[in-house]
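**Q** So I've got this file, structure18.cif, and it contains mmCIF, C-alpha atoms and all ligand atoms:
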```cif
data_query
#
loop_
_atom_site.group_PDB
_atom_site.id
_atom_site.type_symbol
_atom_site.label_atom_id
_atom_site.label_comp_id
_atom_site.auth_asym_id
_atom_site.auth_seq_id
_atom_site.Cartn_x
_atom_site.Cartn_y
_atom_site.Cartn_z
ATOM 1 C CA MET A 744 124.560 196.815 5.665
ATOM 2 C CA SER A 745 123.938 194.069 3.106
ATOM 3 C CA GLU A 746 120.863 194.225 0.865
ATOM 4 C CA SER A 747 119.315 191.063 2.293
ATOM 5 C CA ARG A 748 119.189 192.619 5.744
ATOM 6 C CA THR A 749 117.502 195.749 4.435
ATOM 7 C CA ILE A 750 113.738 195.473 4.794
ATOM 8 C CA VAL A 751 112.711 198.976 3.721
ATOM 9 C CA SER A 752 114.567 201.547 1.683
ATOM 10 C CA PHE A 753 113.677 204.921 0.238
ATOM 11 C CA ARG A 754 115.702 206.042 -2.747
ATOM 12 C CA ASP A 755 115.463 209.756 -3.534
ATOM 13 C CA VAL A 756 111.750 209.761 -2.810
ATOM 14 C CA ALA A 757 109.572 212.793 -3.422
ATOM 15 C CA PHE A 758 105.834 212.980 -2.896
ATOM 16 C CA GLU A 759 103.622 215.667 -4.299
ATOM 17 C CA VAL A 760 99.890 216.386 -4.032
ATOM 18 C CA ALA A 761 98.228 218.928 -6.316
ATOM 19 C CA GLY A 762 101.580 220.427 -7.216
ATOM 20 C CA VAL A 763 102.672 220.795 -3.583
ATOM 21 C CA ARG A 764 105.848 219.006 -2.478
ATOM 22 C CA ILE A 765 105.190 217.138 0.747
ATOM 23 C CA LEU A 766 108.345 215.016 0.747
ATOM 24 C CA GLU A 767 111.611 215.818 -0.976
ATOM 25 C CA GLY A 768 114.821 213.806 -1.452
ATOM 26 C CA VAL A 769 114.052 211.186 1.187
ATOM 27 C CA ASN A 770 116.667 208.442 1.558
ATOM 28 C CA LEU A 771 116.252 205.908 4.334
ATOM 29 C CA SER A 772 116.882 202.289 5.053
ATOM 30 C CA VAL A 773 115.542 200.029 7.755
ATOM 31 C CA ALA A 774 117.436 196.856 8.643
ATOM 32 C CA ARG A 775 115.798 193.608 9.757
ATOM 33 C CA GLY A 776 114.995 193.683 13.463
ATOM 34 C CA GLU A 777 115.550 197.417 13.723
ATOM 35 C CA THR A 778 113.113 200.025 15.070
ATOM 36 C CA LEU A 779 113.442 203.177 13.017
ATOM 37 C CA VAL A 780 111.667 206.145 14.573
ATOM 38 C CA LEU A 781 110.397 208.973 12.388
ATOM 39 C CA LEU A 782 110.490 212.045 14.598
ATOM 40 C CA GLY A 783 109.298 215.514 13.730
ATOM 41 C CA GLU A 784 106.784 218.272 14.209
ATOM 42 C CA SER A 785 103.178 218.158 13.108
ATOM 43 C CA GLY A 786 102.920 218.378 9.329
ATOM 44 C CA CYS A 787 106.573 217.495 8.583
ATOM 45 C CA GLY A 788 105.606 214.368 6.604
ATOM 46 C CA LYS A 789 105.828 211.430 9.020
ATOM 47 C CA THR A 790 102.468 209.837 8.190
ATOM 48 C CA THR A 791 103.076 210.440 4.491
ATOM 49 C CA THR A 792 106.405 208.587 4.729
ATOM 50 C CA LEU A 793 104.735 205.655 6.493
ATOM 51 C CA LYS A 794 101.946 205.416 3.897
ATOM 52 C CA LEU A 795 104.515 205.168 1.105
ATOM 53 C CA ILE A 796 105.817 201.941 2.660
ATOM 54 C CA ASN A 797 102.540 200.040 2.376
ATOM 55 C CA ARG A 798 101.617 201.884 -0.793
ATOM 56 C CA LEU A 799 98.573 203.683 0.549
ATOM 57 C CA ILE A 800 100.174 206.424 -1.530
ATOM 58 C CA GLU A 801 102.739 206.180 -4.318
ATOM 59 C CA PRO A 802 105.969 208.140 -4.771
ATOM 60 C CA THR A 803 106.002 210.982 -7.279
ATOM 61 C CA GLU A 804 109.750 210.516 -7.718
ATOM 62 C CA GLY A 805 112.201 207.847 -6.650
ATOM 63 C CA GLU A 806 111.463 204.394 -5.296
ATOM 64 C CA VAL A 807 110.363 202.712 -2.109
ATOM 65 C CA LEU A 808 111.645 199.148 -1.737
ATOM 66 C CA VAL A 809 110.261 196.543 0.640
ATOM 67 C CA ASN A 810 112.233 193.304 0.953
ATOM 68 C CA GLY A 811 114.390 194.412 -1.955
ATOM 69 C CA GLY A 812 111.585 194.997 -4.481
ATOM 70 C CA SER A 813 109.875 198.206 -5.521
ATOM 71 C CA THR A 814 106.445 198.582 -3.897
ATOM 72 C CA MET A 815 105.189 199.509 -7.381
ATOM 73 C CA ALA A 816 106.216 196.118 -8.784
ATOM 74 C CA VAL A 817 103.972 194.036 -6.512
ATOM 75 C CA ASP A 818 100.248 193.846 -5.907
ATOM 76 C CA ALA A 819 99.369 196.415 -3.199
ATOM 77 C CA VAL A 820 97.054 194.021 -1.341
ATOM 78 C CA GLU A 821 99.745 191.336 -1.346
ATOM 79 C CA LEU A 822 102.310 193.871 -0.118
ATOM 80 C CA ARG A 823 100.071 194.943 2.784
ATOM 81 C CA ARG A 824 99.461 191.353 3.843
ATOM 82 C CA GLY A 825 103.042 191.216 5.106
ATOM 83 C CA ILE A 826 102.871 194.561 6.905
ATOM 84 C CA GLY A 827 101.103 195.359 10.182
ATOM 85 C CA TYR A 828 99.811 198.922 10.379
ATOM 86 C CA VAL A 829 98.552 200.920 13.347
ATOM 87 C CA LEU A 830 96.820 204.057 12.146
ATOM 88 C CA GLN A 831 97.285 207.401 13.844
ATOM 89 C CA GLU A 832 93.558 207.591 14.614
ATOM 90 C CA GLY A 833 93.396 204.014 15.917
ATOM 91 C CA GLY A 834 91.344 202.709 13.017
ATOM 92 C CA LEU A 835 89.142 200.320 15.005
ATOM 93 C CA PHE A 836 85.717 199.506 13.613
ATOM 94 C CA PRO A 837 83.112 200.732 16.128
ATOM 95 C CA HIS A 838 80.520 198.083 15.282
ATOM 96 C CA MET A 839 82.971 195.203 15.817
ATOM 97 C CA THR A 840 83.958 193.751 19.182
ATOM 98 C CA ALA A 841 87.553 193.818 20.385
ATOM 99 C CA ALA A 842 88.022 190.216 19.241
ATOM 100 C CA GLU A 843 86.478 190.892 15.814
ATOM 101 C CA ASN A 844 88.676 193.953 15.322
ATOM 102 C CA VAL A 845 91.834 192.061 16.209
ATOM 103 C CA GLY A 846 90.881 189.033 14.096
ATOM 104 C CA LEU A 847 89.973 191.047 11.008
ATOM 105 C CA PRO A 848 93.266 190.585 9.091
ATOM 106 C CA LEU A 849 92.974 186.816 9.560
ATOM 107 C CA ARG A 850 89.319 186.770 8.453
ATOM 108 C CA LEU A 851 90.258 188.747 5.342
ATOM 109 C CA ALA A 852 92.989 186.192 4.678
ATOM 110 C CA GLY A 853 90.340 183.437 4.877
ATOM 111 C CA ARG A 854 91.777 181.647 7.924
ATOM 112 C CA ASP A 855 89.495 179.250 9.785
ATOM 113 C CA ARG A 856 87.509 180.245 12.838
ATOM 114 C CA ALA A 857 89.218 178.088 15.430
ATOM 115 C CA LEU A 858 92.643 179.333 14.411
ATOM 116 C CA ILE A 859 91.445 182.947 14.491
ATOM 117 C CA GLU A 860 89.903 182.560 17.954
ATOM 118 C CA GLY A 861 93.079 181.098 19.401
ATOM 119 C CA ARG A 862 95.317 183.641 17.781
ATOM 120 C CA VAL A 863 93.132 186.583 18.858
ATOM 121 C CA ALA A 864 93.178 185.402 22.478
ATOM 122 C CA GLU A 865 96.959 185.084 22.284
ATOM 123 C CA MET A 866 97.314 188.638 20.929
ATOM 124 C CA LEU A 867 94.972 190.110 23.558
ATOM 125 C CA GLU A 868 97.087 188.453 26.256
ATOM 126 C CA LEU A 869 100.243 189.748 24.632
ATOM 127 C CA VAL A 870 99.100 193.382 24.833
ATOM 128 C CA GLY A 871 97.814 192.951 28.380
ATOM 129 C CA LEU A 872 94.067 192.683 27.757
ATOM 130 C CA ASP A 873 92.490 189.661 29.459
ATOM 131 C CA PRO A 874 90.431 187.971 26.700
ATOM 132 C CA GLU A 875 87.742 186.901 29.190
ATOM 133 C CA ARG A 876 87.111 190.500 30.138
ATOM 134 C CA PHE A 877 87.767 192.321 26.909
ATOM 135 C CA ALA A 878 87.113 190.113 23.863
ATOM 136 C CA ALA A 879 83.393 190.897 23.638
ATOM 137 C CA ARG A 880 83.619 194.625 24.310
ATOM 138 C CA PHE A 881 83.086 197.255 21.655
ATOM 139 C CA PRO A 882 85.647 200.039 21.199
ATOM 140 C CA HIS A 883 83.419 202.621 22.955
ATOM 141 C CA GLU A 884 83.445 200.369 26.036
ATOM 142 C CA LEU A 885 87.235 200.645 26.288
ATOM 143 C CA SER A 886 89.598 203.349 27.497
ATOM 144 C CA GLY A 887 91.828 205.169 25.024
ATOM 145 C CA GLY A 888 94.852 203.155 26.150
ATOM 146 C CA GLN A 889 92.960 199.885 25.790
ATOM 147 C CA ARG A 890 91.919 200.876 22.259
ATOM 148 C CA GLN A 891 95.531 201.612 21.403
ATOM 149 C CA ARG A 892 96.524 198.179 22.714
ATOM 150 C CA LEU A 893 93.889 196.664 20.431
ATOM 151 C CA GLY A 894 95.373 198.507 17.469
ATOM 152 C CA VAL A 895 98.774 197.000 18.251
ATOM 153 C CA ALA A 896 97.225 193.528 18.718
ATOM 154 C CA ARG A 897 95.535 193.778 15.318
ATOM 155 C CA ALA A 898 98.775 194.829 13.644
ATOM 156 C CA LEU A 899 100.516 191.768 15.112
ATOM 157 C CA VAL A 900 97.809 189.141 14.582
ATOM 158 C CA ALA A 901 98.884 187.949 11.136
ATOM 159 C CA ASP A 902 102.514 187.813 12.317
ATOM 160 C CA PRO A 903 103.923 190.281 9.787
ATOM 161 C CA ASP A 904 107.690 190.809 9.724
ATOM 162 C CA LEU A 905 107.255 194.545 9.333
ATOM 163 C CA LEU A 906 105.207 196.852 11.557
ATOM 164 C CA LEU A 907 104.282 200.442 10.802
ATOM 165 C CA LEU A 908 103.040 202.398 13.799
ATOM 166 C CA ASP A 909 101.746 205.933 13.549
ATOM 167 C CA GLU A 910 101.841 207.576 16.990
ATOM 168 C CA PRO A 911 100.238 204.492 18.535
ATOM 169 C CA PHE A 912 100.558 205.860 22.070
ATOM 170 C CA GLY A 913 99.562 209.441 21.365
ATOM 171 C CA ALA A 914 96.885 211.107 23.484
ATOM 172 C CA LEU A 915 97.612 209.034 26.587
ATOM 173 C CA ASP A 916 98.514 210.155 30.069
ATOM 174 C CA ALA A 917 102.229 209.949 30.856
ATOM 175 C CA LEU A 918 102.035 206.856 33.078
ATOM 176 C CA THR A 919 99.890 204.766 30.740
ATOM 177 C CA ARG A 920 102.063 205.840 27.870
ATOM 178 C CA ALA A 921 105.245 204.832 29.670
ATOM 179 C CA ALA A 922 103.747 201.436 30.531
ATOM 180 C CA LEU A 923 102.693 200.820 26.930
ATOM 181 C CA GLN A 924 106.093 201.906 25.614
ATOM 182 C CA GLN A 925 107.837 199.412 27.897
ATOM 183 C CA GLU A 926 105.481 196.624 26.896
ATOM 184 C CA PHE A 927 105.855 197.433 23.249
ATOM 185 C CA ALA A 928 109.655 197.426 23.509
ATOM 186 C CA ARG A 929 109.453 193.981 25.130
ATOM 187 C CA ILE A 930 107.078 192.611 22.460
ATOM 188 C CA VAL A 931 109.271 193.864 19.618
ATOM 189 C CA ARG A 932 112.367 192.370 21.234
ATOM 190 C CA GLU A 933 110.693 189.031 21.880
ATOM 191 C CA LEU A 934 109.126 188.720 18.431
ATOM 192 C CA GLY A 935 112.102 190.179 16.536
ATOM 193 C CA LYS A 936 109.967 192.497 14.389
ATOM 194 C CA THR A 937 111.200 195.233 12.088
ATOM 195 C CA VAL A 938 109.418 198.457 13.012
ATOM 196 C CA VAL A 939 108.920 201.936 11.610
ATOM 197 C CA PHE A 940 107.509 204.027 14.428
ATOM 198 C CA VAL A 941 106.186 207.566 14.106
ATOM 199 C CA THR A 942 106.223 209.991 17.010
ATOM 200 C CA HIS A 943 106.702 213.654 17.812
ATOM 201 C CA ASP A 944 107.913 212.737 21.301
ATOM 202 C CA LEU A 945 111.684 212.676 21.711
ATOM 203 C CA HIS A 946 111.580 210.647 24.898
ATOM 204 C CA GLU A 947 109.616 207.934 23.088
ATOM 205 C CA ALA A 948 112.003 208.111 20.125
ATOM 206 C CA MET A 949 115.046 207.670 22.370
ATOM 207 C CA LEU A 950 113.439 204.815 24.280
ATOM 208 C CA LEU A 951 112.211 202.767 21.336
ATOM 209 C CA GLY A 952 114.420 203.678 18.413
ATOM 210 C CA SER A 953 117.517 201.799 17.345
ATOM 211 C CA ARG A 954 117.830 204.770 15.002
ATOM 212 C CA ILE A 955 116.029 208.083 14.693
ATOM 213 C CA ALA A 956 115.172 209.861 11.444
ATOM 214 C CA LEU A 957 114.467 213.499 12.234
ATOM 215 C CA MET A 958 112.178 215.089 9.661
ATOM 216 C CA ASP A 959 111.658 218.758 8.912
ATOM 217 C CA LYS A 960 109.409 220.171 6.184
ATOM 218 C CA GLY A 961 109.332 216.963 4.165
ATOM 219 C CA ARG A 962 113.038 216.155 4.429
ATOM 220 C CA VAL A 963 115.077 213.826 6.589
ATOM 221 C CA VAL A 964 117.541 216.196 8.240
ATOM 222 C CA PHE A 965 119.201 213.710 10.588
ATOM 223 C CA LEU A 966 119.531 209.912 10.649
ATOM 224 C CA GLY A 967 121.400 208.136 13.426
ATOM 225 C CA THR A 968 121.312 206.327 16.755
ATOM 226 C CA PRO A 969 119.787 207.930 19.865
ATOM 227 C CA GLU A 970 123.343 208.526 21.133
ATOM 228 C CA GLU A 971 124.263 210.307 17.903
ATOM 229 C CA PHE A 972 121.063 212.310 18.135
ATOM 230 C CA ALA A 973 121.891 213.398 21.672
ATOM 231 C CA ALA A 974 125.290 214.628 20.419
ATOM 232 C CA SER A 975 123.978 216.266 17.242
ATOM 233 C CA PRO A 976 124.770 219.966 16.837
ATOM 234 C CA LEU A 977 121.767 220.424 14.536
ATOM 235 C CA PRO A 978 119.583 223.289 15.867
ATOM 236 C CA LEU A 979 116.350 221.283 15.472
ATOM 237 C CA ALA A 980 117.882 218.335 17.341
ATOM 238 C CA ARG A 981 119.083 220.683 20.083
ATOM 239 C CA ALA A 982 115.600 222.198 20.314
ATOM 240 C CA TYR A 983 114.129 218.733 20.844
ATOM 241 C CA LEU A 984 116.757 217.841 23.403
ATOM 242 C CA GLU A 985 115.923 220.968 25.381
ATOM 243 C CA THR A 986 112.331 219.720 25.739
ATOM 244 C CA VAL A 987 113.309 216.668 27.775
ATOM 245 C CA ALA A 988 115.448 215.961 30.778
ATOM 246 C CA LEU A 989 117.205 212.791 29.686
HETATM 247 N N1 LIG A 1001 96.217 214.252 0.607
HETATM 248 C C1 LIG A 1001 96.798 215.397 0.924
HETATM 249 N N2 LIG A 1001 96.530 216.527 0.233
HETATM 250 C C2 LIG A 1001 97.126 217.695 0.518
HETATM 251 N N3 LIG A 1001 98.032 217.832 1.507
HETATM 252 C C3 LIG A 1001 98.334 216.767 2.226
HETATM 253 C C4 LIG A 1001 97.754 215.491 1.985
HETATM 254 N N4 LIG A 1001 98.270 214.607 2.866
HETATM 255 C C5 LIG A 1001 99.109 215.310 3.641
HETATM 256 N N5 LIG A 1001 99.157 216.603 3.263
HETATM 257 C C6 LIG A 1001 100.010 217.650 3.861
HETATM 258 O O1 LIG A 1001 101.319 217.140 3.896
HETATM 259 C C7 LIG A 1001 101.994 217.555 5.082
HETATM 260 C C8 LIG A 1001 102.527 216.335 5.812
HETATM 261 O O2 LIG A 1001 101.433 215.589 6.319
HETATM 262 P P1 LIG A 1001 101.649 214.333 7.260
HETATM 263 O O3 LIG A 1001 100.298 213.783 7.573
HETATM 264 O O4 LIG A 1001 102.628 213.425 6.647
HETATM 265 O O5 LIG A 1001 102.284 215.019 8.556
HETATM 266 P P2 LIG A 1001 102.720 214.385 9.942
HETATM 267 O O6 LIG A 1001 104.174 214.616 10.101
HETATM 268 O O7 LIG A 1001 102.238 212.995 10.045
HETATM 269 O O8 LIG A 1001 101.963 215.322 11.006
HETATM 270 P P3 LIG A 1001 101.211 214.974 12.396
HETATM 271 O O9 LIG A 1001 102.297 214.853 13.431
HETATM 272 O O10 LIG A 1001 100.350 216.165 12.639
HETATM 273 O O11 LIG A 1001 100.447 213.717 12.218
HETATM 274 C C9 LIG A 1001 100.983 218.382 5.857
HETATM 275 O O12 LIG A 1001 101.236 219.734 5.616
HETATM 276 C C10 LIG A 1001 99.650 217.953 5.291
HETATM 277 O O13 LIG A 1001 98.705 218.994 5.394
HETATM 278 MG MG MG A 1002 100.785 212.086 11.199
#
```
Translate this structure into C-alpha cells?
Ligand SMILES: Nc1ncnc2c1ncn2[C@@H]1O[C@H](COP(=O)(O)OP(=O)(O)OP(=O)(O)O)[C@@H](O)[C@H]1O
Ligand SMILES: [Mg+2]
**A**
Amino acid sequence: MSESRTIVSFRDVAFEVAGVRILEGVNLSVARGETLVLLGESGCGKTTTLKLINRLIEPTEGEVLVNGGSTMAVDAVELRRGIGYVLQEGGLFPHMTAAENVGLPLRLAGRDRALIEGRVAEMLELVGLDPERFAARFPHELSGGQRQRLGVARALVADPDLLLLDEPFGALDALTRAALQQEFARIVRELGKTVVFVTHDLHEAMLLGSRIALMDKGRVVFLGTPEEFAASPLPLARAYLETVAL
C-alpha cells in the first residue's frame, strides 16, 4: 500500500488517562475508499481509537497520521473540517430541527443559506428521510432509527473524504438495523468515502468492513479481511464467530 493511498495510520500509539493505559501498541492503516471496522467488546478502546483520529484526544505515545501528516501538526478545527463524525450517543442538538442539525457543519463553515438548504435536502433524501416530512421536526419527534439517519446525514453534509462512525446503528431493532446497514453500504460505495466504523456486532462488521480490526483490552489483536477473520484461529475471533450463523 503506497503512502498516498493511506488516509489514516496509527504508529505505535498508546493512550493513557490518569496513569491508566487505555490503548497500547496500536498500529493500523486505512486506505482510501476502504471501510475499516473496529470490532470489540465494551470497554476495549474502540471509541478512544476513533477520537484519536479527529484529535478529540491526543496520543500519549506514538503518532496518528491523517492524509500523511501527524494530527498534532495541524490545527484541530481544520483537521475536523475534513472528517465527518457520528457520535455513539447520536449527538443531535435537541433544540434544533432535523434540517438545522444536518446543516450545522455548513453553518459553522460560513456557507450561504441557499446552498445549505439545498444540500440539507439532498442529504435527507440520501438517508431516506423525506425533507417535506422531516426537515422541520425536532429530534424528540423522530424515532431512534430516524435520529441515527440524521446523524449520518450530518456527517456527510460537508462532503468529507473521511467518515468516523461510532456504533451508528446501535440500539435498533434487527430489521431497521439491517435496512440502515444496506443503505449505508450503498451510500459509501456510491460516494467513495473512506470509513472507520465502530461496532461490537460481528454480523455488521462482516457486512460493512473491507477489513476488520479486532480489539481486546486496548490492543489490536487481529487485522484482516472478513474472510481472514472467519478463518482466524484466534480464540476471541472464534468466540465472535460462534455468536452468529453466517
Ligand atoms: N476519559 C477517560 N477517563 C478514564 N477512563 C476512560 C476515559 N475514556 C475512556 N476510559 C476507559 O477506557 C476504556 C475504553 O473506553 P472506550 O470508550 O474506548 O471503549 P469502547 O470500546 O468504545 O466501549 P463501548 O463498546 O462500551 O462503547 C474503558 O475502560 C473506559 O472506561
Ligand atoms: Mg464506545
**Q** Could you list, as a list in words, all protein and nucleic acid residues with an atom at most 7 Å from ligand MG 1002 (chain A), counting only C-alpha atoms and all ligand atoms?
**A**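 The residues near ligand MG 1002 (chain A) are Ser785, Gly786, Lys789, Thr790, Gln831 and Asp909 of chain A.
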**Q** Given the file above and the PyMOL selection byres (((chain A and resi 748-756) around 8) and not hetatm), which residues are selected, and can you give them as a list in words?
**A**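 Evaluating the PyMOL selection byres (((chain A and resi 748-756) around 8) and not hetatm) on this file yields Met744, Ser745, Glu746, Ser747, Ala757, Phe758, Leu766, Glu767, Gly768, Val769, Asn770, Leu771, Ser772, Val773, Ala774, Arg775, Ile796, Pro802, Thr803, Glu804, Gly805, Glu806, Val807, Leu808, Val809, Asn810, Gly811, Leu905 and Thr937 of chain A.
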**Q** Apply the PyMOL selection byres (((not hetatm)) within 9 of (chain A and resi 1001)) to the displayed file and report the matching residues as a ChimeraX atom specification.
**A** /A:759-761,763-766,781-794,831,909-910,941-943,958-961
**Q** Would you put the residues from that selection into a file with C-alpha atoms, as an mmCIF file, in the coordinates of the input?
**A**
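Result went into again24.cif, see below:
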```cif
data_model
loop_
_atom_site.group_PDB
_atom_site.id
_atom_site.type_symbol
_atom_site.label_atom_id
_atom_site.label_comp_id
_atom_site.auth_asym_id
_atom_site.auth_seq_id
_atom_site.Cartn_x
_atom_site.Cartn_y
_atom_site.Cartn_z
ATOM 1 C CA GLU A 759 103.622 215.667 -4.299
ATOM 2 C CA VAL A 760 99.890 216.386 -4.032
ATOM 3 C CA ALA A 761 98.228 218.928 -6.316
ATOM 4 C CA VAL A 763 102.672 220.795 -3.583
ATOM 5 C CA ARG A 764 105.848 219.006 -2.478
ATOM 6 C CA ILE A 765 105.190 217.138 0.747
ATOM 7 C CA LEU A 766 108.345 215.016 0.747
ATOM 8 C CA LEU A 781 110.397 208.973 12.388
ATOM 9 C CA LEU A 782 110.490 212.045 14.598
ATOM 10 C CA GLY A 783 109.298 215.514 13.730
ATOM 11 C CA GLU A 784 106.784 218.272 14.209
ATOM 12 C CA SER A 785 103.178 218.158 13.108
ATOM 13 C CA GLY A 786 102.920 218.378 9.329
ATOM 14 C CA CYS A 787 106.573 217.495 8.583
ATOM 15 C CA GLY A 788 105.606 214.368 6.604
ATOM 16 C CA LYS A 789 105.828 211.430 9.020
ATOM 17 C CA THR A 790 102.468 209.837 8.190
ATOM 18 C CA THR A 791 103.076 210.440 4.491
ATOM 19 C CA THR A 792 106.405 208.587 4.729
ATOM 20 C CA LEU A 793 104.735 205.655 6.493
ATOM 21 C CA LYS A 794 101.946 205.416 3.897
ATOM 22 C CA GLN A 831 97.285 207.401 13.844
ATOM 23 C CA ASP A 909 101.746 205.933 13.549
ATOM 24 C CA GLU A 910 101.841 207.576 16.990
ATOM 25 C CA VAL A 941 106.186 207.566 14.106
ATOM 26 C CA THR A 942 106.223 209.991 17.010
ATOM 27 C CA HIS A 943 106.702 213.654 17.812
ATOM 28 C CA MET A 958 112.178 215.089 9.661
ATOM 29 C CA ASP A 959 111.658 218.758 8.912
ATOM 30 C CA LYS A 960 109.409 220.171 6.184
ATOM 31 C CA GLY A 961 109.332 216.963 4.165
#
```
**Q** Quick one, how far is atom CA of A:Arg823 from atom CA of A:Val939?
**A**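 Atom-to-atom, atom CA of A:Arg823 to atom CA of A:Val939, that is 14.3 Å.
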**Q** For A:Glu865, which residue out of A:Glu801, A:Asp818, A:Asp902, A:Glu947 is the nearest one, using all atoms listed in the file?
**A**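 Closest residue, counting all atoms listed in the file: A:Asp902.
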**Q** Run through the PyMOL selection byres (((chain A and resi 906) around 12) and not hetatm) on the given coordinates and return the selected residues as a ChimeraX atom specification.
**A** /A:750-751,773,775-780,793-794,796-797,823-830,894-905,907-909,911,927,930-931,934-941
**Q** Take the residues that were just selected and, keeping C-alpha atoms, output them as a PDB file, keeping the file's coordinate frame.
**A**
```pdb
ATOM      1  CA  ILE A 750     113.738 195.473   4.794  1.00  0.00           C
ATOM      2  CA  VAL A 751     112.711 198.976   3.721  1.00  0.00           C
ATOM      3  CA  VAL A 773     115.542 200.029   7.755  1.00  0.00           C
ATOM      4  CA  ARG A 775     115.798 193.608   9.757  1.00  0.00           C
ATOM      5  CA  GLY A 776     114.995 193.683  13.463  1.00  0.00           C
ATOM      6  CA  GLU A 777     115.550 197.417  13.723  1.00  0.00           C
ATOM      7  CA  THR A 778     113.113 200.025  15.070  1.00  0.00           C
ATOM      8  CA  LEU A 779     113.442 203.177  13.017  1.00  0.00           C
ATOM      9  CA  VAL A 780     111.667 206.145  14.573  1.00  0.00           C
ATOM     10  CA  LEU A 793     104.735 205.655   6.493  1.00  0.00           C
ATOM     11  CA  LYS A 794     101.946 205.416   3.897  1.00  0.00           C
ATOM     12  CA  ILE A 796     105.817 201.941   2.660  1.00  0.00           C
ATOM     13  CA  ASN A 797     102.540 200.040   2.376  1.00  0.00           C
ATOM     14  CA  ARG A 823     100.071 194.943   2.784  1.00  0.00           C
ATOM     15  CA  ARG A 824      99.461 191.353   3.843  1.00  0.00           C
ATOM     16  CA  GLY A 825     103.042 191.216   5.106  1.00  0.00           C
ATOM     17  CA  ILE A 826     102.871 194.561   6.905  1.00  0.00           C
ATOM     18  CA  GLY A 827     101.103 195.359  10.182  1.00  0.00           C
ATOM     19  CA  TYR A 828      99.811 198.922  10.379  1.00  0.00           C
ATOM     20  CA  VAL A 829      98.552 200.920  13.347  1.00  0.00           C
ATOM     21  CA  LEU A 830      96.820 204.057  12.146  1.00  0.00           C
ATOM     22  CA  GLY A 894      95.373 198.507  17.469  1.00  0.00           C
ATOM     23  CA  VAL A 895      98.774 197.000  18.251  1.00  0.00           C
ATOM     24  CA  ALA A 896      97.225 193.528  18.718  1.00  0.00           C
ATOM     25  CA  ARG A 897      95.535 193.778  15.318  1.00  0.00           C
ATOM     26  CA  ALA A 898      98.775 194.829  13.644  1.00  0.00           C
ATOM     27  CA  LEU A 899     100.516 191.768  15.112  1.00  0.00           C
ATOM     28  CA  VAL A 900      97.809 189.141  14.582  1.00  0.00           C
ATOM     29  CA  ALA A 901      98.884 187.949  11.136  1.00  0.00           C
ATOM     30  CA  ASP A 902     102.514 187.813  12.317  1.00  0.00           C
ATOM     31  CA  PRO A 903     103.923 190.281   9.787  1.00  0.00           C
ATOM     32  CA  ASP A 904     107.690 190.809   9.724  1.00  0.00           C
ATOM     33  CA  LEU A 905     107.255 194.545   9.333  1.00  0.00           C
ATOM     34  CA  LEU A 907     104.282 200.442  10.802  1.00  0.00           C
ATOM     35  CA  LEU A 908     103.040 202.398  13.799  1.00  0.00           C
ATOM     36  CA  ASP A 909     101.746 205.933  13.549  1.00  0.00           C
ATOM     37  CA  PRO A 911     100.238 204.492  18.535  1.00  0.00           C
ATOM     38  CA  PHE A 927     105.855 197.433  23.249  1.00  0.00           C
ATOM     39  CA  ILE A 930     107.078 192.611  22.460  1.00  0.00           C
ATOM     40  CA  VAL A 931     109.271 193.864  19.618  1.00  0.00           C
ATOM     41  CA  LEU A 934     109.126 188.720  18.431  1.00  0.00           C
ATOM     42  CA  GLY A 935     112.102 190.179  16.536  1.00  0.00           C
ATOM     43  CA  LYS A 936     109.967 192.497  14.389  1.00  0.00           C
ATOM     44  CA  THR A 937     111.200 195.233  12.088  1.00  0.00           C
ATOM     45  CA  VAL A 938     109.418 198.457  13.012  1.00  0.00           C
ATOM     46  CA  VAL A 939     108.920 201.936  11.610  1.00  0.00           C
ATOM     47  CA  PHE A 940     107.509 204.027  14.428  1.00  0.00           C
ATOM     48  CA  VAL A 941     106.186 207.566  14.106  1.00  0.00           C
TER      49      VAL A 941
END
```
**Q** I need the residue nearest A:Asp944 from this list: A:Glu970, A:Leu858, A:Leu984, A:Val963. Use all atoms listed in the file for the distance.
**A**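 Smallest distance to A:Asp944 is found for A:Leu984.
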**Q** Quick one: of A:Val870, A:Gly888, A:Arg856, A:Phe972, who's nearest to A:Met949, counting all atoms listed in the file?
**A** A:Phe972
**Q** For atom CA of A:Leu918 and atom CA of A:Val987, determine how far apart the two atoms are, in Å to one decimal place.
**A**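 Calculated distance between atom CA of A:Leu918 and atom CA of A:Val987 is 15.9 Å.
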**Q** Hey, can I get the axis-aligned box for stretch 899-916 of chain A? All listed atoms, 8 Å padding on each side, centre and edge lengths in Å to one decimal, as AutoDock Vina command-line options.
**A**
```
--center_x 102.3 --center_y 199.5 --center_z 19.7 --size_x 26.8 --size_y 39.3 --size_z 36.7
```
**Q** Which distance in Å separates atom CA of A:Gln891 and atom CA of A:Arg932, to one decimal?
**A** 19.2 Å
**Q** Hey, can you pull every residue with an atom no more than 6 Å from (97.4, 199.9, 27.4), using only C-alpha atoms, and send it as an NGL selection string?
**A** :A and (888-889 or 892 or 923)
**Q** Using all atoms listed in the file, pick whichever of A:Leu893, A:Ala921, A:Ala816, A:Ala852 has the shortest atom-to-atom distance to A:Thr840.
**A**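 Distance minimum relative to A:Thr840 lands on A:Leu893.
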**Q** Which is closest to A:Glu926 among A:Pro976, A:Pro969, A:Gly913, A:Gly871, if we use only C-alpha atoms?
**A** A:Gly871
